[in-house]
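> Compact mmCIF, C-alpha atoms and all ligand atoms, file model.txt:
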```txt
# COMPACT_ATOMS: atom_id res chain seq x y z
CA MET A 25 26.65 33.99 47.57
CA SER A 26 27.58 31.64 50.38
CA ARG A 27 29.15 28.39 49.29
CA ILE A 28 28.94 26.63 52.61
CA LEU A 29 27.93 23.00 52.09
CA THR A 30 26.87 20.74 54.92
CA ILE A 31 28.42 17.39 54.11
CA GLY A 32 27.88 14.02 55.78
CA ALA A 33 30.49 11.28 55.68
CA ALA A 34 28.24 8.19 55.78
CA GLN A 35 30.49 5.36 56.86
CA THR A 36 28.97 1.90 56.72
CA GLY A 37 29.77 -1.10 58.80
CA PRO A 38 30.56 -4.38 57.06
CA ILE A 39 28.33 -5.86 54.37
CA GLN A 40 28.35 -9.64 54.45
CA ARG A 41 28.20 -11.77 51.33
CA ASP A 42 24.64 -12.89 51.94
CA ASP A 43 23.25 -9.43 52.75
CA SER A 44 20.66 -8.61 50.10
CA ARG A 45 20.87 -5.42 47.99
CA PRO A 46 17.49 -4.16 49.25
CA ASP A 47 18.70 -4.59 52.87
CA VAL A 48 21.91 -2.70 52.15
CA VAL A 49 20.03 0.08 50.33
CA GLU A 50 17.75 0.37 53.35
CA ARG A 51 20.82 1.02 55.54
CA LEU A 52 21.99 3.68 53.09
CA VAL A 53 18.56 5.30 53.07
CA ALA A 54 18.64 5.41 56.90
CA LEU A 55 22.00 7.23 56.77
CA LEU A 56 20.66 9.57 54.08
CA ARG A 57 17.67 10.46 56.30
CA GLU A 58 20.00 11.06 59.23
CA GLY A 59 21.96 13.37 56.93
CA ALA A 60 18.79 15.21 55.93
CA ASP A 61 17.90 15.69 59.62
CA ALA A 62 21.38 17.15 60.16
CA GLY A 63 20.86 19.61 57.29
CA CYS A 64 23.20 17.89 54.83
CA ASP A 65 23.39 19.02 51.21
CA LEU A 66 25.47 15.97 50.34
CA VAL A 67 25.95 12.55 51.91
CA VAL A 68 29.03 10.55 50.90
CA PHE A 69 28.90 6.73 50.90
CA PRO A 70 31.94 4.40 50.60
CA GLU A 71 33.59 2.47 47.77
CA LEU A 72 31.60 -0.64 46.74
CA ALA A 73 28.87 0.44 49.13
CA LEU A 74 26.28 -2.05 47.90
CA THR A 75 28.13 -5.33 48.43
CA THR A 76 30.82 -7.06 50.39
CA PHE A 77 34.38 -6.39 49.16
CA PHE A 78 34.29 -9.40 46.82
CA PRO A 79 37.85 -8.98 45.39
CA ARG A 80 39.05 -10.72 48.56
CA TRP A 81 38.04 -14.02 46.91
CA TRP A 82 39.31 -15.87 43.89
CA VAL A 83 36.97 -17.59 41.44
CA ASP A 84 38.28 -19.28 38.29
CA ASP A 85 35.45 -17.88 36.24
CA ARG A 86 35.12 -14.16 36.90
CA ALA A 87 31.60 -14.17 35.48
CA GLU A 88 30.51 -16.05 38.61
CA PHE A 89 30.90 -12.73 40.44
CA ASP A 90 28.91 -10.64 37.95
CA ASN A 91 26.08 -10.68 40.49
CA PHE A 92 28.14 -8.22 42.58
CA PHE A 93 28.00 -5.69 39.71
CA GLU A 94 25.31 -3.14 38.80
CA THR A 95 24.25 -3.17 35.15
CA GLU A 96 22.25 0.03 35.49
CA MET A 97 22.33 3.01 37.85
CA PRO A 98 19.82 3.56 39.17
CA GLY A 99 18.55 0.00 38.87
CA PRO A 100 15.57 -1.61 40.56
CA ASP A 101 17.43 -2.11 43.87
CA THR A 102 19.02 1.35 44.01
CA GLN A 103 16.01 3.35 42.79
CA PRO A 104 14.69 3.77 46.38
CA LEU A 105 17.91 5.58 47.31
CA PHE A 106 17.58 7.95 44.35
CA ASP A 107 13.89 8.53 45.10
CA GLU A 108 14.49 9.28 48.76
CA ALA A 109 17.42 11.59 47.97
CA ALA A 110 15.31 13.60 45.51
CA ARG A 111 12.40 13.71 48.00
CA LEU A 112 14.70 14.98 50.76
CA GLY A 113 16.67 17.30 48.46
CA VAL A 114 19.95 15.72 49.56
CA GLY A 115 22.66 14.76 47.06
CA PHE A 116 24.85 11.71 47.45
CA HIS A 117 28.02 9.97 46.33
CA LEU A 118 27.94 6.20 45.93
CA GLY A 119 30.62 3.65 45.11
CA TYR A 120 29.62 0.42 43.34
CA ALA A 121 30.86 -2.24 40.93
CA GLU A 122 29.80 -1.35 37.39
CA LEU A 123 29.22 -3.78 34.52
CA THR A 124 28.67 -1.86 31.28
CA PRO A 125 26.32 -3.03 28.50
CA ASP A 126 29.37 -3.95 26.40
CA GLY A 127 30.85 -6.12 29.16
CA HIS A 128 33.42 -3.87 30.89
CA HIS A 129 33.93 -4.10 34.64
CA TYR A 130 34.86 -1.04 36.69
CA ASN A 131 35.13 0.06 40.30
CA THR A 132 32.96 3.14 39.99
CA ALA A 133 31.50 6.06 41.93
CA ILE A 134 28.71 8.43 40.96
CA LEU A 135 27.75 11.85 42.21
CA VAL A 136 24.05 12.62 42.40
CA GLU A 137 22.71 16.16 42.76
CA ARG A 138 20.00 17.25 45.16
CA ASP A 139 17.32 16.85 42.46
CA GLY A 140 18.32 13.24 41.78
CA SER A 141 20.21 13.91 38.54
CA VAL A 142 23.60 12.25 38.00
CA ALA A 143 26.23 15.01 38.07
CA GLY A 144 29.29 12.85 37.45
CA ARG A 145 30.79 9.38 37.27
CA TYR A 146 34.32 8.21 38.04
CA ARG A 147 36.06 4.87 37.40
CA LYS A 148 38.94 3.94 39.71
CA VAL A 149 42.34 4.61 38.15
CA HIS A 150 44.80 3.01 40.62
CA LEU A 151 43.82 -0.65 41.03
CA PRO A 152 45.76 -2.16 43.94
CA GLY A 153 46.55 -5.78 44.75
CA HIS A 154 47.32 -8.54 42.26
CA HIS A 155 46.03 -10.31 39.12
CA GLU A 156 46.58 -13.93 40.07
CA HIS A 157 45.39 -16.17 42.85
CA GLU A 158 47.97 -16.00 45.67
CA PRO A 159 46.99 -18.75 48.13
CA TRP A 160 49.64 -17.73 50.71
CA ARG A 161 47.58 -14.65 51.59
CA GLU A 162 45.05 -14.73 54.41
CA PHE A 163 42.69 -13.06 51.93
CA GLN A 164 43.08 -11.99 48.34
CA HIS A 165 43.10 -8.46 46.93
CA LEU A 166 42.13 -9.17 43.32
CA GLU A 167 41.01 -5.78 42.06
CA ARG A 168 43.43 -6.16 39.16
CA TYR A 169 41.62 -9.39 38.21
CA TYR A 170 38.02 -8.20 38.53
CA PHE A 171 38.27 -4.60 37.28
CA GLU A 172 39.68 -2.63 34.39
CA PRO A 173 41.24 0.75 35.23
CA GLY A 174 39.43 3.99 34.54
CA ASP A 175 40.99 6.51 32.20
CA GLY A 176 41.25 9.75 34.14
CA PHE A 177 40.35 12.19 36.88
CA ASN A 178 37.67 14.67 35.90
CA VAL A 179 35.92 17.39 37.84
CA PHE A 180 32.25 18.27 37.78
CA GLY A 181 30.32 21.48 38.36
CA ALA A 182 28.01 20.42 41.16
CA PHE A 183 26.77 21.65 44.55
CA GLY A 184 27.86 25.17 43.61
CA GLY A 185 31.51 24.18 43.34
CA VAL A 186 34.11 22.12 41.49
CA VAL A 187 33.87 18.51 42.65
CA GLY A 188 36.16 15.55 41.94
CA MET A 189 36.12 11.89 42.88
CA ALA A 190 38.74 9.25 43.59
CA ILE A 191 38.43 5.75 45.02
CA CYS A 192 40.33 4.15 47.88
CA ASN A 193 43.87 3.35 46.72
CA ASP A 194 43.81 6.52 44.55
CA ARG A 195 44.01 8.49 47.80
CA ARG A 196 47.55 7.27 48.47
CA TRP A 197 48.89 8.81 45.25
CA PRO A 198 49.70 12.54 45.23
CA GLU A 199 49.09 12.62 41.48
CA THR A 200 45.37 12.00 42.12
CA TYR A 201 44.87 15.19 44.10
CA ARG A 202 47.21 17.24 41.92
CA VAL A 203 45.45 16.29 38.67
CA LEU A 204 42.15 17.19 40.34
CA GLY A 205 43.68 20.33 41.84
CA LEU A 206 44.93 21.48 38.45
CA GLN A 207 41.30 21.45 37.31
CA GLY A 208 40.29 23.66 40.23
CA CYS A 209 38.85 20.89 42.41
CA GLU A 210 37.43 22.28 45.65
CA LEU A 211 35.94 19.08 47.04
CA ALA A 212 37.28 15.55 46.55
CA LEU A 213 35.04 12.61 47.51
CA ILE A 214 36.83 9.35 48.24
CA GLY A 215 35.27 6.09 49.37
CA TYR A 216 37.44 3.25 50.65
CA ASN A 217 37.62 -0.39 51.78
CA THR A 218 40.99 -0.72 53.49
CA PRO A 219 41.93 -4.02 55.13
CA VAL A 220 43.91 -3.28 58.28
CA HIS A 221 46.13 -6.28 57.56
CA TYR A 222 48.49 -5.82 54.61
CA PRO A 223 49.82 -9.30 53.74
CA PRO A 224 52.93 -8.23 51.74
CA ASP A 225 54.25 -6.20 54.72
CA PRO A 226 52.41 -6.69 58.02
CA THR A 227 54.65 -4.08 59.72
CA GLN A 228 52.31 -1.55 58.08
CA ASP A 229 49.22 -2.91 59.87
CA VAL A 230 49.58 -0.74 62.99
CA LEU A 231 50.01 2.30 60.75
CA ALA A 232 46.82 1.80 58.69
CA GLY A 233 44.96 4.64 60.43
CA PHE A 234 47.98 6.92 60.46
CA HIS A 235 48.58 6.44 56.74
CA ASN A 236 44.91 7.05 55.95
CA GLY A 237 44.94 10.37 57.81
CA LEU A 238 48.30 11.30 56.37
CA VAL A 239 47.25 11.01 52.73
CA LEU A 240 43.81 12.61 53.12
CA GLN A 241 45.21 15.54 55.07
CA SER A 242 48.24 16.14 52.87
CA GLY A 243 46.13 15.84 49.70
CA ALA A 244 43.72 18.45 51.05
CA TYR A 245 46.39 20.89 52.20
CA GLN A 246 48.77 20.64 49.23
CA ASN A 247 45.91 21.35 46.82
CA GLY A 248 43.69 23.65 48.85
CA MET A 249 40.62 21.42 48.69
CA TRP A 250 38.13 19.76 51.00
CA VAL A 251 38.58 16.00 51.13
CA VAL A 252 35.91 13.61 52.37
CA GLY A 253 37.20 10.07 52.95
CA VAL A 254 34.54 7.46 53.74
CA ALA A 255 35.06 3.85 54.78
CA LYS A 256 33.23 0.62 54.69
CA ALA A 257 34.51 -0.53 58.06
CA GLY A 258 34.53 -3.41 60.50
CA ASN A 259 34.80 -7.17 60.28
CA GLU A 260 33.57 -8.19 56.83
CA GLU A 261 33.69 -11.91 56.19
CA GLY A 262 36.64 -12.23 58.59
CA CYS A 263 38.60 -9.33 57.08
CA VAL A 264 38.87 -6.27 59.32
CA LEU A 265 38.43 -2.99 57.43
CA LEU A 266 39.64 0.38 58.68
CA GLY A 267 37.06 2.98 59.77
CA GLU A 268 38.13 6.52 60.66
CA SER A 269 36.08 8.19 57.93
CA SER A 270 36.80 11.90 58.01
CA ILE A 271 36.17 15.31 56.54
CA VAL A 272 39.33 17.33 56.01
CA ALA A 273 39.53 21.08 55.39
CA PRO A 274 41.83 22.76 52.83
CA SER A 275 44.05 23.62 55.80
CA GLY A 276 44.64 19.90 56.32
CA GLU A 277 42.68 20.00 59.59
CA VAL A 278 40.27 17.18 60.35
CA ARG A 279 36.80 18.70 60.87
CA ALA A 280 34.88 15.46 61.58
CA VAL A 281 35.87 11.84 62.12
CA CYS A 282 33.97 8.61 62.78
CA SER A 283 34.62 6.85 66.06
CA THR A 284 33.02 3.44 65.42
CA ASP A 285 33.39 0.62 62.89
CA GLY A 286 29.68 0.58 62.07
CA ASP A 287 27.09 2.60 60.17
CA GLU A 288 27.86 6.13 61.36
CA LEU A 289 27.33 9.61 59.99
CA VAL A 290 29.58 12.53 60.83
CA VAL A 291 28.87 16.00 59.51
CA ALA A 292 30.87 19.17 58.86
CA GLU A 293 30.13 22.55 57.36
CA CYS A 294 32.46 22.93 54.40
CA ASP A 295 33.00 26.44 53.09
CA LEU A 296 34.20 26.03 49.51
CA ASP A 297 35.46 29.61 49.53
CA MET A 298 38.05 28.56 52.12
CA CYS A 299 39.89 26.77 49.28
CA SER A 300 41.05 30.10 47.90
CA ASN A 301 42.97 30.82 51.14
CA TYR A 302 45.38 28.13 49.95
CA LYS A 303 44.83 28.10 46.18
CA ASP A 304 45.54 31.83 45.90
CA THR A 305 48.52 32.00 48.28
CA LEU A 306 51.04 29.29 49.22
CA PHE A 307 49.64 26.87 46.63
CA ASN A 308 49.02 29.33 43.82
CA PHE A 309 49.81 26.78 41.12
CA GLY A 310 49.94 29.27 38.25
CA TYR A 311 52.47 31.45 40.04
CA TYR A 312 54.71 28.89 41.71
CA ARG A 313 54.62 25.54 39.94
CA ARG A 314 57.55 24.52 37.72
CA PRO A 315 56.17 21.89 35.32
CA GLU A 316 59.30 22.14 33.17
CA VAL A 317 61.19 20.24 35.88
CA TYR A 318 58.42 17.73 36.64
CA GLY A 319 58.72 15.76 33.38
CA LEU A 320 59.66 12.49 35.11
CA ILE A 321 56.26 12.35 36.75
CA THR A 322 54.47 11.72 33.46
CA GLY A 323 57.49 10.46 31.49
CA GLN A 324 58.13 7.26 33.44
CA THR A 325 56.27 4.84 35.71
CA GLY A 326 58.86 3.03 37.83
CA VAL A 327 62.03 4.15 39.57
CA GLU A 328 65.12 4.63 37.42
CA VAL A 329 68.20 5.50 39.46
CA PRO A 330 70.47 7.58 37.21
CA GLU A 331 73.46 5.53 36.04
CA ASP A 332 76.07 7.77 37.68
CA VAL A 333 74.27 7.51 41.01
CA ALA A 334 73.85 3.74 40.67
CA ALA A 335 77.58 3.49 40.07
CA THR A 336 78.30 5.04 43.46
CA LEU A 337 76.31 2.22 45.06
CA ASN A 338 78.42 -0.45 43.29
CA PRO A 339 81.95 0.97 43.41
CA ASP A 340 83.40 -2.27 41.92
CA ASP A 341 81.36 -1.74 38.79
CA THR A 342 83.29 0.97 36.91
CA THR A 343 80.90 1.00 33.93
CA GLY A 344 79.98 4.51 33.08
CA THR A 345 82.21 6.16 35.68
CA ALA A 346 84.77 8.78 34.79
N1 LIG B 401 40.10 -0.84 48.08
C1 LIG B 401 41.39 -0.46 48.07
O1 LIG B 401 41.84 0.18 47.13
N2 LIG B 401 42.12 -0.85 49.09
C2 LIG B 401 43.54 -0.62 49.15
C3 LIG B 401 44.19 -1.75 49.85
C4 LIG B 401 45.62 -1.76 49.56
S1 LIG B 401 46.32 -3.28 49.85
C5 LIG B 401 46.12 -4.17 48.45
C6 LIG B 401 43.92 0.68 49.85
O2 LIG B 401 44.82 1.35 49.34
O3 LIG B 401 43.39 0.99 50.91
```
Kindly present the structure from the file in structure tokens form.
Ligand code: CDT


Amino acid sequence: MSRILTIGAAQTGPIQRDDSRPDVVERLVALLREGADAGCDLVVFPELALTTFFPRWWVDDRAEFDNFFETEMPGPDTQPLFDEAARLGVGFHLGYAELTPDGHHYNTAILVERDGSVAGRYRKVHLPGHHEHEPWREFQHLERYYFEPGDGFNVFGAFGGVVGMAICNDRRWPETYRVLGLQGCELALIGYNTPVHYPPDPTQDVLAGFHNGLVLQSGAYQNGMWVVGVAKAGNEEGCVLLGESSIVAPSGEVRAVCSTDGDELVVAECDLDMCSNYKDTLFNFGYYRRPEVYGLITGQTGVEVPEDVAATLNPDDTTGTA
């Protein structure tokens, strides 16, 4: 049986603070319909696709921003998207801010099957930025203030394959793809909101697009999986967000890429069986991996230079040297 999926990367342009949910959902529905016309099985929307990227602002009382969160999915504002998807027989992936009934806040994505059923949910693991208000920045990146981290990377049986999700900053960490890859992931869906300006080190600004391509392509290749990276792009409340949404094959080749900073759909045919070209050969994990020498990866978080090596950097300090 063929496992060729037609996938649309549905980049959105900016969403301003005053844009209403129904207006945003209407834009998503338009992209979904464009995807249906292009024969898509699945349309992938960005991280926090229903609102502006509100963690760029500080408020003393976090509850003031609860209006940016969804308390149910689907809810009254998002139901039209679910209804249209089911009517068209097109699945979708959607990032949004989630507020649970017991008061937990997450940066979340869901995967919805072609019949409208929810196939999976993921809560962002790697929360970038800072916890405290840092007034020296041109804009804040307060994900660590507004969200709690999720507790793992799972895969889901959906669309005839093994599908995983990650969100934005997760895509920069090789562990994300490898933990998904170890569960057989054939398709990783990753929404993002990436400011082009990085206040702690502006020398990285000109490399924003390069780094985005680098991590999506290497994650795909090193794990033999399709990777779909989808941006919310453009000038959002004065903060310029990277576009360049793309669909990457298990070979690491880019099969489709957006060329604007607005609402734009690009489509690629993704043969899930192509994953085995890599999973069963060069990246045959079962045959080649050496977990017995990878212990540091799960055993520690930060860098610990071994004492004998550190000593060579400070020759005056003879502690611990022979
Ligand atoms: N949304 C998100 O995770 N953005 C981050 C910005 C990093 S700078 C704090 C990213 O990795 O693209």

> So which one's closest to A:Ser283, A:Thr322, A:Gln35, A:Thr218, A:Asn193? Using all atoms listed in the file, please.

A:Gln35

> Any chance you could tabulate, as JSON lines, the residues of chain A at most 6 Å from ligand LIG 401 (chain B) with each one's nearest atom pair and distance in Å to one decimal, using all atoms listed in the file, in chain and rising number order?


```
{"residue": "A:Pro152", "atom": "CA", "partner": "B:LIG401", "partner_atom": "C5", "distance": 5.0}
{"residue": "A:Gly153", "atom": "CA", "partner": "B:LIG401", "partner_atom": "C5", "distance": 4.1}
{"residue": "A:His165", "atom": "CA", "partner": "B:LIG401", "partner_atom": "C5", "distance": 5.5}
{"residue": "A:Cys192", "atom": "CA", "partner": "B:LIG401", "partner_atom": "O1", "distance": 4.3}
{"residue": "A:Asn193", "atom": "CA", "partner": "B:LIG401", "partner_atom": "O2", "distance": 3.4}
{"residue": "A:Tyr216", "atom": "CA", "partner": "B:LIG401", "partner_atom": "N1", "distance": 5.5}
{"residue": "A:Asn217", "atom": "CA", "partner": "B:LIG401", "partner_atom": "N1", "distance": 4.5}
{"residue": "A:Thr218", "atom": "CA", "partner": "B:LIG401", "partner_atom": "O3", "distance": 3.9}
{"residue": "A:Tyr222", "atom": "CA", "partner": "B:LIG401", "partner_atom": "S1", "distance": 5.8}
```

> Could you make a table, as a tab-separated table, of the residues of stretch 195-253 of chain A that have an atom within 12 Å of an atom of stretch 122-142 of chain A, each with its nearest atom pair and distance in Å to one decimal, counting all atoms listed in the file, in chain and number order?


```
residue	atom	partner	partner_atom	distance
A:Leu211	CA	A:Leu135	CA	11.9
A:Ala212	CA	A:Leu135	CA	11.1
A:Leu213	CA	A:Leu135	CA	9.0
A:Ile214	CA	A:Ala133	CA	8.9
A:Gly215	CA	A:Ala133	CA	8.3
A:Tyr216	CA	A:Ala133	CA	10.9
A:Asn217	CA	A:Asn131	CA	11.8
```

> Would you list the residues near (44.2, 28.1, 36.7), meaning any protein, DNA or RNA residue with an atom at most 8 Å from that point in file coordinates, counting all atoms listed in the file, as a VMD selection string?

chain A and resid 206 to 208 309 to 310

> Show me, as a compact mmCIF listing (two decimals) with C-alpha atoms, in the frame of the given file, the residues that have an atom within 7 Å of stretch 288-294 of chain A when counting all atoms listed in the file, minus same-chain residues fewer than 3 positions from it.


```txt
# COMPACT_ATOMS: atom_id res chain seq x y z
CA ILE A 28 28.94 26.63 52.61
CA LEU A 29 27.93 23.00 52.09
CA THR A 30 26.87 20.74 54.92
CA ILE A 31 28.42 17.39 54.11
CA GLY A 32 27.88 14.02 55.78
CA ALA A 33 30.49 11.28 55.68
CA ALA A 34 28.24 8.19 55.78
CA GLN A 35 30.49 5.36 56.86
CA THR A 36 28.97 1.90 56.72
CA LEU A 55 22.00 7.23 56.77
CA ILE A 271 36.17 15.31 56.54
CA ARG A 279 36.80 18.70 60.87
CA ALA A 280 34.88 15.46 61.58
CA VAL A 281 35.87 11.84 62.12
CA CYS A 282 33.97 8.61 62.78
```

> Can you work out the spacing between atom CA of A:Ala54 and atom CA of A:Leu112 in Å, to one decimal?

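These two atoms are separated by 12.0 Å.
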
> Using only C-alpha atoms, which residues sit within 8 Å of A:Gly233 once same-chain residues fewer than 4 positions away are excluded, as a count of residues only?

3

> Which residue out of A:Val186, A:Asp84, A:Ala121, A:Arg168 has the minimum interatomic distance to A:Ala143 when all atoms listed in the file are used?

A:Val186

> So how many Å separate atom CA of A:Lys148 and atom CA of A:Gly176, to one decimal?

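Distance reported for this atom pair: 8.4 Å.
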
> What does the distance from atom CA of A:Trp82 to atom CA of A:Glu156 come to in Å, to one decimal?

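Separation between atom CA of A:Trp82 and atom CA of A:Glu156: 8.4 Å.
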
> When you count all atoms listed in the file, which of these residues is closest to A:Ala273: A:Asp297, A:Asn259, A:Val254, A:Arg41?

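Of A:Asp297, A:Asn259, A:Val254, A:Arg41, the one nearest A:Ala273, counting all atoms listed in the file, is A:Asp297.
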
> Find, counting all atoms listed in the file, the residue in A:Tyr120, A:Phe234, A:Phe180, A:Trp250 that gets nearest to A:Glu96.

A:Tyr120

> Could you check the closest approach to A:Arg313 for each of A:Arg202, A:Val278, A:Pro79, A:Pro159 and tell me which residue wins, using only C-alpha atoms?

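Of A:Arg202, A:Val278, A:Pro79, A:Pro159, the one nearest A:Arg313 is A:Arg202, counting only C-alpha atoms.
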
> Output requested as a compact mmCIF listing (two decimals), keeping the file's coordinate frame - stretch 53-62 of chain A, filled out with all heavy atoms.


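What follows is the written file part-v7.txt:
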```txt
# COMPACT_ATOMS: atom_id res chain seq x y z
N VAL A 53 19.67 4.35 52.96
CA VAL A 53 18.56 5.30 53.07
C VAL A 53 18.46 5.84 54.50
O VAL A 53 18.23 7.04 54.72
CB VAL A 53 17.23 4.66 52.60
CG1 VAL A 53 16.04 5.50 53.00
CG2 VAL A 53 17.25 4.45 51.09
N ALA A 54 18.68 4.96 55.50
CA ALA A 54 18.64 5.41 56.90
C ALA A 54 19.73 6.47 57.15
O ALA A 54 19.48 7.49 57.82
CB ALA A 54 18.82 4.23 57.84
N LEU A 55 20.92 6.24 56.60
CA LEU A 55 22.00 7.23 56.77
C LEU A 55 21.67 8.53 56.04
O LEU A 55 21.96 9.63 56.53
CB LEU A 55 23.32 6.65 56.25
CG LEU A 55 23.97 5.58 57.14
CD1 LEU A 55 24.99 4.75 56.36
CD2 LEU A 55 24.64 6.23 58.36
N LEU A 56 21.05 8.39 54.86
CA LEU A 56 20.66 9.57 54.08
C LEU A 56 19.65 10.41 54.88
O LEU A 56 19.76 11.65 54.93
CB LEU A 56 20.04 9.10 52.77
CG LEU A 56 19.77 10.17 51.73
CD1 LEU A 56 21.06 10.56 51.02
CD2 LEU A 56 18.77 9.66 50.69
N ARG A 57 18.68 9.73 55.51
CA ARG A 57 17.67 10.46 56.30
C ARG A 57 18.32 11.14 57.50
O ARG A 57 17.97 12.28 57.84
CB ARG A 57 16.58 9.49 56.77
CG ARG A 57 15.70 9.03 55.63
CD ARG A 57 14.55 8.17 56.13
NE ARG A 57 13.74 7.73 55.00
CZ ARG A 57 13.22 6.52 54.86
NH1 ARG A 57 13.41 5.59 55.80
NH2 ARG A 57 12.50 6.21 53.80
N GLU A 58 19.29 10.45 58.10
CA GLU A 58 20.00 11.06 59.23
C GLU A 58 20.73 12.32 58.73
O GLU A 58 20.75 13.35 59.41
CB GLU A 58 21.00 10.04 59.78
CG GLU A 58 21.48 10.32 61.18
CD GLU A 58 22.49 9.26 61.65
OE1 GLU A 58 22.35 8.07 61.29
OE2 GLU A 58 23.43 9.67 62.35
N GLY A 59 21.28 12.22 57.52
CA GLY A 59 21.96 13.37 56.93
C GLY A 59 20.98 14.51 56.69
O GLY A 59 21.28 15.69 56.96
N ALA A 60 19.81 14.17 56.18
CA ALA A 60 18.79 15.21 55.93
C ALA A 60 18.42 15.89 57.23
O ALA A 60 18.31 17.13 57.30
CB ALA A 60 17.55 14.59 55.27
N ASP A 61 18.25 15.11 58.31
CA ASP A 61 17.90 15.69 59.62
C ASP A 61 19.00 16.63 60.12
O ASP A 61 18.74 17.58 60.84
CB ASP A 61 17.68 14.58 60.66
CG ASP A 61 16.39 13.83 60.39
OD1 ASP A 61 15.55 14.34 59.62
OD2 ASP A 61 16.22 12.72 60.93
N ALA A 62 20.25 16.31 59.73
CA ALA A 62 21.38 17.15 60.16
C ALA A 62 21.61 18.33 59.22
O ALA A 62 22.58 19.07 59.37
CB ALA A 62 22.64 16.29 60.27
```
